[in-house]
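Containing PDB, C-alpha atoms and all ligand atoms: target.pdb.
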```pdb
MODEL        1
ATOM      1  CA  MET A   1      98.381  85.904  78.839
ATOM      2  CA  SER A   2     100.952  87.759  80.885
ATOM      3  CA  ASN A   3     102.505  85.334  83.307
ATOM      4  CA  LEU A   4     105.910  86.416  84.589
ATOM      5  CA  GLU A   5     107.625  83.767  86.686
ATOM      6  CA  ILE A   6     110.798  84.534  88.581
ATOM      7  CA  LYS A   7     112.301  81.507  90.298
ATOM      8  CA  ASP A   8     115.184  81.577  92.750
ATOM      9  CA  LEU A   9     116.891  84.334  90.764
ATOM     10  CA  LYS A  10     120.459  85.030  91.807
ATOM     11  CA  VAL A  11     122.357  87.938  90.349
ATOM     12  CA  SER A  12     125.763  89.427  90.944
ATOM     13  CA  VAL A  13     127.667  92.468  89.733
ATOM     14  CA  GLU A  14     131.360  92.842  89.101
ATOM     15  CA  THR A  15     133.061  95.124  91.613
ATOM     16  CA  GLU A  16     136.684  96.065  92.218
ATOM     17  CA  ASP A  17     136.781  93.361  94.901
ATOM     18  CA  GLY A  18     135.324  90.738  92.573
ATOM     19  CA  PRO A  19     131.742  89.634  92.027
ATOM     20  CA  LYS A  20     129.173  90.741  94.588
ATOM     21  CA  GLU A  21     125.909  88.885  94.957
ATOM     22  CA  ILE A  22     122.986  91.330  94.954
ATOM     23  CA  LEU A  23     119.967  89.093  94.379
ATOM     24  CA  LYS A  24     120.041  86.093  96.654
ATOM     25  CA  GLY A  25     117.234  83.940  95.352
ATOM     26  CA  VAL A  26     114.153  85.901  94.314
ATOM     27  CA  THR A  27     110.973  83.956  93.714
ATOM     28  CA  LEU A  28     107.909  85.807  92.503
ATOM     29  CA  THR A  29     105.084  85.103  90.074
ATOM     30  CA  ILE A  30     103.033  87.848  88.497
ATOM     31  CA  GLY A  31      99.956  86.049  87.319
ATOM     32  CA  ASP A  32      97.905  87.059  84.325
ATOM     33  CA  GLY A  33      96.465  90.546  84.797
ATOM     34  CA  GLU A  34      97.942  91.051  88.253
ATOM     35  CA  THR A  35      99.637  94.084  89.748
ATOM     36  CA  HIS A  36     102.379  93.428  92.271
ATOM     37  CA  ALA A  37     104.173  96.064  94.286
ATOM     38  CA  ILE A  38     107.714  95.538  95.481
ATOM     39  CA  MET A  39     108.660  97.764  98.368
ATOM     40  CA  GLY A  40     112.051  97.895  99.955
ATOM     41  CA  PRO A  41     114.696 100.157 101.390
ATOM     42  CA  ASN A  42     117.426 101.776  99.316
ATOM     43  CA  GLY A  43     120.094  99.367  98.187
ATOM     44  CA  SER A  44     117.992  96.233  98.701
ATOM     45  CA  GLY A  45     118.326  95.260  95.026
ATOM     46  CA  LYS A  46     115.034  96.435  93.527
ATOM     47  CA  SER A  47     116.595  98.088  90.488
ATOM     48  CA  THR A  48     118.930  95.134  90.087
ATOM     49  CA  LEU A  49     115.871  92.904  89.841
ATOM     50  CA  ALA A  50     114.297  95.183  87.213
ATOM     51  CA  TYR A  51     117.468  95.449  85.128
ATOM     52  CA  SER A  52     118.215  91.738  85.359
ATOM     53  CA  ILE A  53     114.785  90.822  84.027
ATOM     54  CA  ALA A  54     115.151  93.371  81.226
ATOM     55  CA  GLY A  55     118.610  92.072  80.309
ATOM     56  CA  HIS A  56     121.045  94.797  81.304
ATOM     57  CA  PRO A  57     124.564  93.486  80.543
ATOM     58  CA  LYS A  58     125.996  94.800  83.829
ATOM     59  CA  TYR A  59     124.244  92.059  85.797
ATOM     60  CA  THR A  60     125.352  88.437  85.789
ATOM     61  CA  ILE A  61     122.690  85.819  86.360
ATOM     62  CA  THR A  62     124.228  83.142  88.536
ATOM     63  CA  GLY A  63     121.130  81.064  89.156
ATOM     64  CA  GLY A  64     117.407  80.688  88.754
ATOM     65  CA  SER A  65     115.023  81.428  85.902
ATOM     66  CA  VAL A  66     112.690  84.066  84.530
ATOM     67  CA  THR A  67     109.953  83.147  82.093
ATOM     68  CA  LEU A  68     107.209  85.122  80.397
ATOM     69  CA  ASP A  69     104.299  82.939  79.382
ATOM     70  CA  GLY A  70     106.628  79.976  79.613
ATOM     71  CA  GLU A  71     109.344  81.484  77.410
ATOM     72  CA  ASP A  72     112.841  81.766  78.829
ATOM     73  CA  LEU A  73     113.512  85.499  79.046
ATOM     74  CA  LEU A  74     117.069  85.061  80.254
ATOM     75  CA  ALA A  75     118.015  83.344  76.991
ATOM     76  CA  MET A  76     116.799  86.336  74.981
ATOM     77  CA  THR A  77     118.500  89.549  73.871
ATOM     78  CA  VAL A  78     117.139  92.823  75.236
ATOM     79  CA  ASP A  79     115.241  93.383  71.962
ATOM     80  CA  GLU A  80     113.769  89.898  72.041
ATOM     81  CA  ARG A  81     112.556  90.453  75.594
ATOM     82  CA  ALA A  82     110.781  93.608  74.468
ATOM     83  CA  ARG A  83     109.221  91.747  71.553
ATOM     84  CA  ALA A  84     108.146  89.011  73.949
ATOM     85  CA  GLY A  85     106.140  91.702  75.738
ATOM     86  CA  LEU A  86     108.359  93.082  78.471
ATOM     87  CA  PHE A  87     108.630  96.786  79.230
ATOM     88  CA  LEU A  88     110.908  98.489  81.738
ATOM     89  CA  ALA A  89     110.462 102.041  82.931
ATOM     90  CA  MET A  90     113.836 102.813  84.452
ATOM     91  CA  GLN A  91     114.378 104.600  87.738
ATOM     92  CA  TYR A  92     116.770 106.973  85.962
ATOM     93  CA  PRO A  93     115.734 107.219  82.308
ATOM     94  CA  VAL A  94     118.703 107.849  80.012
ATOM     95  CA  GLU A  95     119.145 110.872  77.782
ATOM     96  CA  VAL A  96     119.265 110.265  74.057
ATOM     97  CA  PRO A  97     120.569 113.542  72.620
ATOM     98  CA  GLY A  98     119.640 114.212  68.995
ATOM     99  CA  VAL A  99     116.774 111.706  68.974
ATOM    100  CA  SER A 100     113.327 113.253  69.234
ATOM    101  CA  VAL A 101     110.582 111.707  71.323
ATOM    102  CA  SER A 102     108.599 111.272  68.132
ATOM    103  CA  ASN A 103     111.381 109.346  66.344
ATOM    104  CA  PHE A 104     112.214 107.350  69.418
ATOM    105  CA  LEU A 105     108.633 106.169  69.893
ATOM    106  CA  ARG A 106     108.225 105.338  66.210
ATOM    107  CA  THR A 107     111.504 103.397  66.118
ATOM    108  CA  ALA A 108     110.557 101.477  69.256
ATOM    109  CA  LYS A 109     107.107 100.654  67.907
ATOM    110  CA  THR A 110     108.540  99.577  64.540
ATOM    111  CA  ALA A 111     111.087  97.326  66.244
ATOM    112  CA  LEU A 112     108.363  95.719  68.346
ATOM    113  CA  ASP A 113     105.871  95.132  65.554
ATOM    114  CA  GLY A 114     108.349  94.335  62.784
ATOM    115  CA  GLU A 115     106.754  97.015  60.617
ATOM    116  CA  ALA A 116     106.327 100.760  60.809
ATOM    117  CA  PRO A 117     103.022 101.944  62.263
ATOM    118  CA  LYS A 118     100.581 103.544  59.815
ATOM    119  CA  LEU A 119     101.474 107.211  59.834
ATOM    120  CA  ARG A 120      98.008 108.710  60.108
ATOM    121  CA  THR A 121      96.796 106.719  63.100
ATOM    122  CA  TRP A 122     100.245 106.770  64.668
ATOM    123  CA  VAL A 123     100.451 110.556  64.877
ATOM    124  CA  LYS A 124      97.011 110.553  66.426
ATOM    125  CA  ASP A 125      98.008 107.848  68.886
ATOM    126  CA  VAL A 126     101.179 109.678  69.885
ATOM    127  CA  ASN A 127      99.355 112.949  70.412
ATOM    128  CA  GLY A 128      96.707 111.121  72.424
ATOM    129  CA  ALA A 129      99.308 109.398  74.603
ATOM    130  CA  LEU A 130     101.161 112.663  75.249
ATOM    131  CA  ASP A 131      97.958 114.510  75.927
ATOM    132  CA  ALA A 132      96.872 111.840  78.422
ATOM    133  CA  MET A 133     100.119 112.532  80.291
ATOM    134  CA  ASN A 134      99.499 116.265  80.157
ATOM    135  CA  LEU A 135     102.402 116.737  77.746
ATOM    136  CA  ASP A 136     102.090 119.285  74.957
ATOM    137  CA  THR A 137     102.341 117.987  71.357
ATOM    138  CA  SER A 138     105.530 120.059  70.935
ATOM    139  CA  PHE A 139     107.060 117.667  73.473
ATOM    140  CA  ALA A 140     107.354 115.128  70.640
ATOM    141  CA  GLN A 141     110.062 117.240  69.002
ATOM    142  CA  ARG A 142     112.322 117.390  72.051
ATOM    143  CA  SER A 143     115.357 115.118  72.480
ATOM    144  CA  VAL A 144     114.566 112.100  74.634
ATOM    145  CA  ASN A 145     115.026 112.939  78.317
ATOM    146  CA  GLU A 146     117.411 115.805  77.534
ATOM    147  CA  GLY A 147     116.605 118.592  79.954
ATOM    148  CA  PHE A 148     113.355 116.871  80.951
ATOM    149  CA  SER A 149     112.219 117.571  84.482
ATOM    150  CA  GLY A 150     111.850 114.553  86.760
ATOM    151  CA  GLY A 151     108.116 114.612  86.183
ATOM    152  CA  GLU A 152     108.453 114.906  82.395
ATOM    153  CA  LYS A 153     110.750 111.881  82.330
ATOM    154  CA  LYS A 154     108.232 109.751  84.176
ATOM    155  CA  ARG A 155     105.279 111.007  82.151
ATOM    156  CA  HIS A 156     107.189 110.278  78.955
ATOM    157  CA  GLU A 157     107.774 106.721  80.193
ATOM    158  CA  MET A 158     104.035 106.323  80.762
ATOM    159  CA  ALA A 159     103.308 107.614  77.243
ATOM    160  CA  GLN A 160     105.684 104.887  76.010
ATOM    161  CA  LEU A 161     103.842 102.298  78.091
ATOM    162  CA  ASP A 162     100.548 103.393  76.552
ATOM    163  CA  LEU A 163     101.845 103.255  72.958
ATOM    164  CA  LEU A 164     104.079 100.195  73.131
ATOM    165  CA  ASP A 165     101.423  98.192  74.970
ATOM    166  CA  PRO A 166     103.589  95.419  76.484
ATOM    167  CA  LYS A 167     102.271  92.351  78.302
ATOM    168  CA  VAL A 168     104.196  93.065  81.468
ATOM    169  CA  ALA A 169     105.430  96.436  82.682
ATOM    170  CA  ILE A 170     108.152  96.784  85.280
ATOM    171  CA  LEU A 171     107.978 100.281  86.690
ATOM    172  CA  ASP A 172     111.025 101.169  88.758
ATOM    173  CA  GLU A 173     110.226 104.046  91.096
ATOM    174  CA  THR A 174     108.021 105.682  88.532
ATOM    175  CA  ASP A 175     106.615 107.663  91.450
ATOM    176  CA  SER A 176     109.866 109.115  92.735
ATOM    177  CA  GLY A 177     110.356 112.844  92.364
ATOM    178  CA  LEU A 178     106.752 113.497  91.365
ATOM    179  CA  ASP A 179     104.652 116.235  92.875
ATOM    180  CA  ILE A 180     101.102 115.313  93.784
ATOM    181  CA  ASP A 181      99.569 116.389  90.446
ATOM    182  CA  ALA A 182     102.140 114.481  88.400
ATOM    183  CA  LEU A 183     101.734 111.465  90.690
ATOM    184  CA  LYS A 184      98.014 111.433  89.931
ATOM    185  CA  ILE A 185      98.576 111.738  86.180
ATOM    186  CA  VAL A 186     101.168 108.960  86.177
ATOM    187  CA  SER A 187      98.987 106.742  88.374
ATOM    188  CA  GLU A 188      96.026 107.219  86.074
ATOM    189  CA  GLY A 189      98.271 106.188  83.178
ATOM    190  CA  ILE A 190      99.239 103.008  84.999
ATOM    191  CA  ASN A 191      95.612 102.305  85.831
ATOM    192  CA  ARG A 192      94.505 102.749  82.211
ATOM    193  CA  PHE A 193      97.153 100.232  81.238
ATOM    194  CA  ARG A 194      95.927  97.811  83.911
ATOM    195  CA  GLU A 195      92.380  98.101  82.629
ATOM    196  CA  ARG A 196      93.451  96.504  79.355
ATOM    197  CA  GLU A 197      93.100  92.727  79.239
ATOM    198  CA  HIS A 198      95.882  90.482  80.540
ATOM    199  CA  LYS A 199      98.392  93.114  81.618
ATOM    200  CA  GLY A 200     100.885  92.424  84.366
ATOM    201  CA  VAL A 201     102.507  95.188  86.383
ATOM    202  CA  LEU A 202     105.474  95.041  88.719
ATOM    203  CA  LEU A 203     105.509  98.328  90.553
ATOM    204  CA  ILE A 204     108.738  99.031  92.399
ATOM    205  CA  THR A 205     108.622 101.757  94.986
ATOM    206  CA  HIS A 206     109.760 102.646  98.436
ATOM    207  CA  TYR A 207     106.899 104.939  99.221
ATOM    208  CA  THR A 208     103.364 103.833  99.899
ATOM    209  CA  ARG A 209     101.772 106.972  98.489
ATOM    210  CA  ILE A 210     101.510 105.724  94.886
ATOM    211  CA  LEU A 211      99.711 102.616  96.182
ATOM    212  CA  ARG A 212      96.799 104.815  97.196
ATOM    213  CA  TYR A 213      96.226 105.518  93.516
ATOM    214  CA  VAL A 214      97.398 102.249  92.007
ATOM    215  CA  GLN A 215      96.013  99.513  94.194
ATOM    216  CA  PRO A 216      98.169  96.403  93.967
ATOM    217  CA  ASP A 217      96.820  92.874  94.167
ATOM    218  CA  TYR A 218      99.930  91.824  96.097
ATOM    219  CA  VAL A 219     102.664  93.579  98.026
ATOM    220  CA  HIS A 220     106.139  92.157  98.572
ATOM    221  CA  VAL A 221     108.667  93.464 101.032
ATOM    222  CA  PHE A 222     112.119  93.297  99.523
ATOM    223  CA  VAL A 223     115.131  93.291 101.818
ATOM    224  CA  ASP A 224     118.743  92.357 101.163
ATOM    225  CA  GLY A 225     118.193  90.806  97.747
ATOM    226  CA  ARG A 226     115.188  88.704  98.678
ATOM    227  CA  VAL A 227     111.454  88.819  99.135
ATOM    228  CA  ALA A 228     111.151  88.964 102.917
ATOM    229  CA  GLU A 229     107.373  88.847 103.086
ATOM    230  CA  SER A 230     104.379  88.861 100.760
ATOM    231  CA  GLY A 231     100.844  89.918 101.408
ATOM    232  CA  GLY A 232      97.977  92.042 100.219
ATOM    233  CA  ALA A 233      97.562  95.802 100.207
ATOM    234  CA  GLU A 234      97.443  95.744 104.028
ATOM    235  CA  LEU A 235     101.163  94.987 104.057
ATOM    236  CA  ALA A 236     101.818  98.404 102.505
ATOM    237  CA  GLU A 237      99.829  99.975 105.307
ATOM    238  CA  GLU A 238     101.924  98.190 107.880
ATOM    239  CA  LEU A 239     105.070  99.499 106.184
ATOM    240  CA  GLU A 240     103.631 102.990 106.175
ATOM    241  CA  ALA A 241     103.094 102.757 109.913
ATOM    242  CA  ASN A 242     106.207 100.875 111.001
ATOM    243  CA  GLY A 243     108.801 101.166 108.238
ATOM    244  CA  TYR A 244     111.182  98.420 107.191
ATOM    245  CA  ASP A 245     112.820  97.870 110.587
ATOM    246  CA  ARG A 246     111.128  94.597 111.418
ATOM    247  CA  PHE A 247     112.140  93.117 108.048
ATOM    248  CA  ILE A 248     115.689  94.476 108.106
ATOM    249  CA  LYS A 249     116.269  93.031 111.595
ATOM    250  CA  ALA A 250     114.935  89.672 110.500
ATOM    251  CA  ALA A 251     117.235  89.660 107.465
ATOM    252  CA  VAL A 252     120.526  90.139 109.327
TER
HETATM  253  P1  LIG A 301     117.638  99.574  95.059
HETATM  254  O1  LIG A 301     117.091  99.803  93.678
HETATM  255  O2  LIG A 301     116.793  98.690  95.906
HETATM  256  O3  LIG A 301     117.944 100.857  95.769
HETATM  257  P2  LIG A 301     119.965  98.567  93.669
HETATM  258  O4  LIG A 301     119.512  97.387  92.908
HETATM  259  O5  LIG A 301     120.150  99.824  92.910
HETATM  260  O6  LIG A 301     119.011  98.781  94.926
HETATM  261  O7  LIG A 301     121.353  98.219  94.380
HETATM  262  C1  LIG A 301     121.476  97.076  95.226
HETATM  263  C2  LIG A 301     122.878  96.966  95.748
HETATM  264  O8  LIG A 301     123.764  96.621  94.707
HETATM  265  C3  LIG A 301     123.418  98.240  96.360
HETATM  266  O9  LIG A 301     124.165  97.892  97.503
HETATM  267  C4  LIG A 301     124.325  98.766  95.280
HETATM  268  O10 LIG A 301     125.372  99.551  95.815
HETATM  269  C5  LIG A 301     124.833  97.508  94.658
HETATM  270  N1  LIG A 301     125.212  97.663  93.252
HETATM  271  C6  LIG A 301     124.399  97.838  92.208
HETATM  272  N2  LIG A 301     125.103  97.952  91.070
HETATM  273  C7  LIG A 301     126.399  97.865  91.431
HETATM  274  C8  LIG A 301     127.647  97.895  90.735
HETATM  275  N3  LIG A 301     127.690  98.041  89.416
HETATM  276  N4  LIG A 301     128.787  97.751  91.434
HETATM  277  C9  LIG A 301     128.748  97.590  92.767
HETATM  278  N5  LIG A 301     127.627  97.540  93.481
HETATM  279  C10 LIG A 301     126.469  97.660  92.830
HETATM  280 MG    MG A 302      94.201  93.802  85.923
HETATM  281 MG    MG A 303     116.493 101.424  92.671
ENDMDL
END
```

Would you write the structure of this file as structure tokens?
Amino acid sequence: MSNLEIKDLKVSVETEDGPKEILKGVTLTIGDGETHAIMGPNGSGKSTLAYSIAGHPKYTITGGSVTLDGEDLLAMTVDERARAGLFLAMQYPVEVPGVSVSNFLRTAKTALDGEAPKLRTWVKDVNGALDAMNLDTSFAQRSVNEGFSGGEKKRHEMAQLDLLDPKVAILDETDSGLDIDALKIVSEGINRFREREHKGVLLITHYTRILRYVQPDYVHVFVDGRVAESGGAELAEELEANGYDRFIKAAV
């Protein structure tokens, strides 16, 4: 199963002027095996939603609930959420100087499984995952995200997705900054993940172009910390044609 249920989620951040509410009651269910796209303008709270679900300490949950297969994610540590099956590909992946991709992946996998992966198959798996993302095997020896191009960062995240094999993947603007070839490679990675049984995907984007390659089951328009409208793939086409204006006007 991979049922992610977000109910009336309210989140605020601490600012110099006191707490500021960013998420104003988000309700969204990603059913087993479904792919949902969240589309919204800059500053609408998309990354806040992603980070809050993943457990970033900067965000204070002031209301609502998030469960994965009935388990309360919000009560868990970041590590526990990952072990429960949650994966977040961040909009701006962080550099980890001095830690190689190879060590990073192995440490992450070991933490998830509670035991180190068998070396022989693991090396093969890592090389396969890198190769699928068009990354050379020497990439495994580089420091995580240090000096990576925008495209390399995103392809590395998709190699992680492949190897760590979560139940639910939240992909925050995994398409941003990609040229058309990299966009295809990354999209194919997402689609291979979706082809596995019972995988949920929450694809956050503000461009429709990735949705031509990764066809979502549902599209949600996200404006001012809320889901303003939900629909099928046709909603993305409407956004492509008309932009967010109609939804922004309705929100103010
Ligand atoms: P999106 O990903 O949709 O572009 P974000 O979730 O990054 O939106 O940001 C939503 C809003 O929250 C923005 O107005 C942003 O300035 C604000 N915000 C996010 N983090 C902080 C913070 N730490 N302090 C103040 N404002 C913040
Ligand atoms: Mg599916
Ligand atoms: Mg964002």

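You will find atom O2 of ligand LIG 301 (chain A) at 15.6 Å from CA of Leu239 in chain A.
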
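Taking only C-alpha atoms and all ligand atoms into account, the protein and nucleic acid residues that come at most 6 Å from ligand MG 302 (chain A) are A:Gly33, A:Glu34, A:Arg194, A:Glu195.
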
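Each of A:Asp69, A:Glu188, A:Asp172, A:Glu229 was compared to ligand MG 303 (chain A) using all atoms listed in the file, and A:Asp172 turns out to be the nearest.
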
Distance filter 8 Å around ligand MG 303 (chain A), atoms: all atoms listed in the file, out as a PyMOL selection string:
chain A and resi 42-43+45-48+91+172-173

Around the point (112.8, 104.8, 87.0) in the file's coordinates, collect all residues with an atom within 12 Å, using only C-alpha atoms, and return them as a ChimeraX atom specification.
/A:46-48,50-51,87-94,150-158,169-178,203-205

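The coordinates place CA of Ala228 in chain A at 21.7 Å from CA of Thr67 in chain A.
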
Written as a PyMOL selection string, what is the full residue list that the PyMOL selection byres (((chain A and resi 134) around 12) and not hetatm) yields on the file shown?
chain A and resi 127-133+135-139+151-152+154-156+158-159+181-186+188-189

For the file shown, what are the residues hit by the PyMOL selection byres (((chain A and resi 21) around 9) and not hetatm), laid out as an mmCIF file with C-alpha atoms, in the frame of the given file?
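Writing the result to part_28.cif gives the following:
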```
data_model
loop_
_atom_site.group_PDB
_atom_site.id
_atom_site.type_symbol
_atom_site.label_atom_id
_atom_site.label_comp_id
_atom_site.auth_asym_id
_atom_site.auth_seq_id
_atom_site.Cartn_x
_atom_site.Cartn_y
_atom_site.Cartn_z
ATOM 1 C CA LYS A 10 120.459 85.030 91.807
ATOM 2 C CA VAL A 11 122.357 87.938 90.349
ATOM 3 C CA SER A 12 125.763 89.427 90.944
ATOM 4 C CA VAL A 13 127.667 92.468 89.733
ATOM 5 C CA GLU A 14 131.360 92.842 89.101
ATOM 6 C CA PRO A 19 131.742 89.634 92.027
ATOM 7 C CA LYS A 20 129.173 90.741 94.588
ATOM 8 C CA ILE A 22 122.986 91.330 94.954
ATOM 9 C CA LEU A 23 119.967 89.093 94.379
ATOM 10 C CA LYS A 24 120.041 86.093 96.654
ATOM 11 C CA THR A 62 124.228 83.142 88.536
ATOM 12 C CA GLY A 225 118.193 90.806 97.747
#
```

Could you give me the axis-aligned bounding box of range 88-99 of chain A, with 6 Å of padding per side, as centre plus edge lengths in Å to one decimal, as AutoDock Vina command-line options?
```
--center_x 115.5 --center_y 106.4 --center_z 78.4 --size_x 22.1 --size_y 27.7 --size_z 30.8
```

Quick one, how far is CA of Thr27 in chain A from CA of Ser52 in chain A?
13.5 Å

Near Leu28 in chain A, counting all atoms listed in the file, which residues have an atom at most 8 Å away, once you skip same-chain residues fewer than 5 positions from it, shown as a PDB file with C-alpha atoms, in the frame of the given file?
```pdb
ATOM      1  CA  GLU A   5     107.625  83.767  86.686  1.00  0.00           C
ATOM      2  CA  ILE A   6     110.798  84.534  88.581  1.00  0.00           C
ATOM      3  CA  LYS A   7     112.301  81.507  90.298  1.00  0.00           C
TER       4      LYS A   7
END
```

Missing atoms in range 87-109 of chain A should be modelled up to N, CA and C atoms and reported as a PDB file, keeping the file's coordinate frame.
```pdb
ATOM      1  N   PHE A  87     108.334  95.345  79.263  1.00  0.00           N
ATOM      2  CA  PHE A  87     108.630  96.786  79.230  1.00  0.00           C
ATOM      3  C   PHE A  87     109.230  97.188  80.568  1.00  0.00           C
ATOM      4  N   LEU A  88     110.307  97.979  80.503  1.00  0.00           N
ATOM      5  CA  LEU A  88     110.908  98.489  81.738  1.00  0.00           C
ATOM      6  C   LEU A  88     110.926 100.009  81.717  1.00  0.00           C
ATOM      7  N   ALA A  89     110.305 100.604  82.710  1.00  0.00           N
ATOM      8  CA  ALA A  89     110.462 102.041  82.931  1.00  0.00           C
ATOM      9  C   ALA A  89     111.545 102.194  83.977  1.00  0.00           C
ATOM     10  N   MET A  90     112.671 102.759  83.573  1.00  0.00           N
ATOM     11  CA  MET A  90     113.836 102.813  84.452  1.00  0.00           C
ATOM     12  C   MET A  90     113.699 103.886  85.528  1.00  0.00           C
ATOM     13  N   GLN A  91     114.374 103.612  86.655  1.00  0.00           N
ATOM     14  CA  GLN A  91     114.378 104.600  87.738  1.00  0.00           C
ATOM     15  C   GLN A  91     115.014 105.909  87.259  1.00  0.00           C
ATOM     16  N   TYR A  92     116.104 105.790  86.506  1.00  0.00           N
ATOM     17  CA  TYR A  92     116.770 106.973  85.962  1.00  0.00           C
ATOM     18  C   TYR A  92     116.820 106.868  84.443  1.00  0.00           C
ATOM     19  N   PRO A  93     115.778 107.344  83.774  1.00  0.00           N
ATOM     20  CA  PRO A  93     115.734 107.219  82.308  1.00  0.00           C
ATOM     21  C   PRO A  93     116.932 107.926  81.666  1.00  0.00           C
ATOM     22  N   VAL A  94     117.483 107.317  80.627  1.00  0.00           N
ATOM     23  CA  VAL A  94     118.703 107.849  80.012  1.00  0.00           C
ATOM     24  C   VAL A  94     118.384 108.891  78.940  1.00  0.00           C
ATOM     25  N   GLU A  95     119.284 109.854  78.816  1.00  0.00           N
ATOM     26  CA  GLU A  95     119.145 110.872  77.782  1.00  0.00           C
ATOM     27  C   GLU A  95     119.593 110.304  76.441  1.00  0.00           C
ATOM     28  N   VAL A  96     118.882 110.666  75.408  1.00  0.00           N
ATOM     29  CA  VAL A  96     119.265 110.265  74.057  1.00  0.00           C
ATOM     30  C   VAL A  96     119.340 111.533  73.208  1.00  0.00           C
ATOM     31  N   PRO A  97     120.462 112.260  73.324  1.00  0.00           N
ATOM     32  CA  PRO A  97     120.569 113.542  72.620  1.00  0.00           C
ATOM     33  C   PRO A  97     120.438 113.351  71.105  1.00  0.00           C
ATOM     34  N   GLY A  98     119.758 114.259  70.455  1.00  0.00           N
ATOM     35  CA  GLY A  98     119.640 114.212  68.995  1.00  0.00           C
ATOM     36  C   GLY A  98     118.539 113.303  68.494  1.00  0.00           C
ATOM     37  N   VAL A  99     117.898 112.554  69.397  1.00  0.00           N
ATOM     38  CA  VAL A  99     116.774 111.706  68.974  1.00  0.00           C
ATOM     39  C   VAL A  99     115.491 112.268  69.584  1.00  0.00           C
ATOM     40  N   SER A 100     114.563 112.664  68.722  1.00  0.00           N
ATOM     41  CA  SER A 100     113.327 113.253  69.234  1.00  0.00           C
ATOM     42  C   SER A 100     112.430 112.173  69.831  1.00  0.00           C
ATOM     43  N   VAL A 101     111.573 112.601  70.722  1.00  0.00           N
ATOM     44  CA  VAL A 101     110.582 111.707  71.323  1.00  0.00           C
ATOM     45  C   VAL A 101     109.782 111.016  70.223  1.00  0.00           C
ATOM     46  N   SER A 102     109.392 111.792  69.236  1.00  0.00           N
ATOM     47  CA  SER A 102     108.599 111.272  68.132  1.00  0.00           C
ATOM     48  C   SER A 102     109.327 110.141  67.395  1.00  0.00           C
ATOM     49  N   ASN A 103     110.600 110.372  67.041  1.00  0.00           N
ATOM     50  CA  ASN A 103     111.381 109.346  66.344  1.00  0.00           C
ATOM     51  C   ASN A 103     111.648 108.141  67.217  1.00  0.00           C
ATOM     52  N   PHE A 104     111.933 108.422  68.464  1.00  0.00           N
ATOM     53  CA  PHE A 104     112.214 107.350  69.418  1.00  0.00           C
ATOM     54  C   PHE A 104     111.020 106.407  69.542  1.00  0.00           C
ATOM     55  N   LEU A 105     109.842 106.969  69.716  1.00  0.00           N
ATOM     56  CA  LEU A 105     108.633 106.169  69.893  1.00  0.00           C
ATOM     57  C   LEU A 105     108.339 105.355  68.625  1.00  0.00           C
ATOM     58  N   ARG A 106     108.508 106.004  67.475  1.00  0.00           N
ATOM     59  CA  ARG A 106     108.225 105.338  66.210  1.00  0.00           C
ATOM     60  C   ARG A 106     109.214 104.193  65.961  1.00  0.00           C
ATOM     61  N   THR A 107     110.483 104.438  66.286  1.00  0.00           N
ATOM     62  CA  THR A 107     111.504 103.397  66.118  1.00  0.00           C
ATOM     63  C   THR A 107     111.215 102.216  67.048  1.00  0.00           C
ATOM     64  N   ALA A 108     110.852 102.542  68.284  1.00  0.00           N
ATOM     65  CA  ALA A 108     110.557 101.477  69.256  1.00  0.00           C
ATOM     66  C   ALA A 108     109.351 100.658  68.804  1.00  0.00           C
ATOM     67  N   LYS A 109     108.334 101.344  68.351  1.00  0.00           N
ATOM     68  CA  LYS A 109     107.107 100.654  67.907  1.00  0.00           C
ATOM     69  C   LYS A 109     107.397  99.782  66.678  1.00  0.00           C
TER      70      LYS A 109
END
```
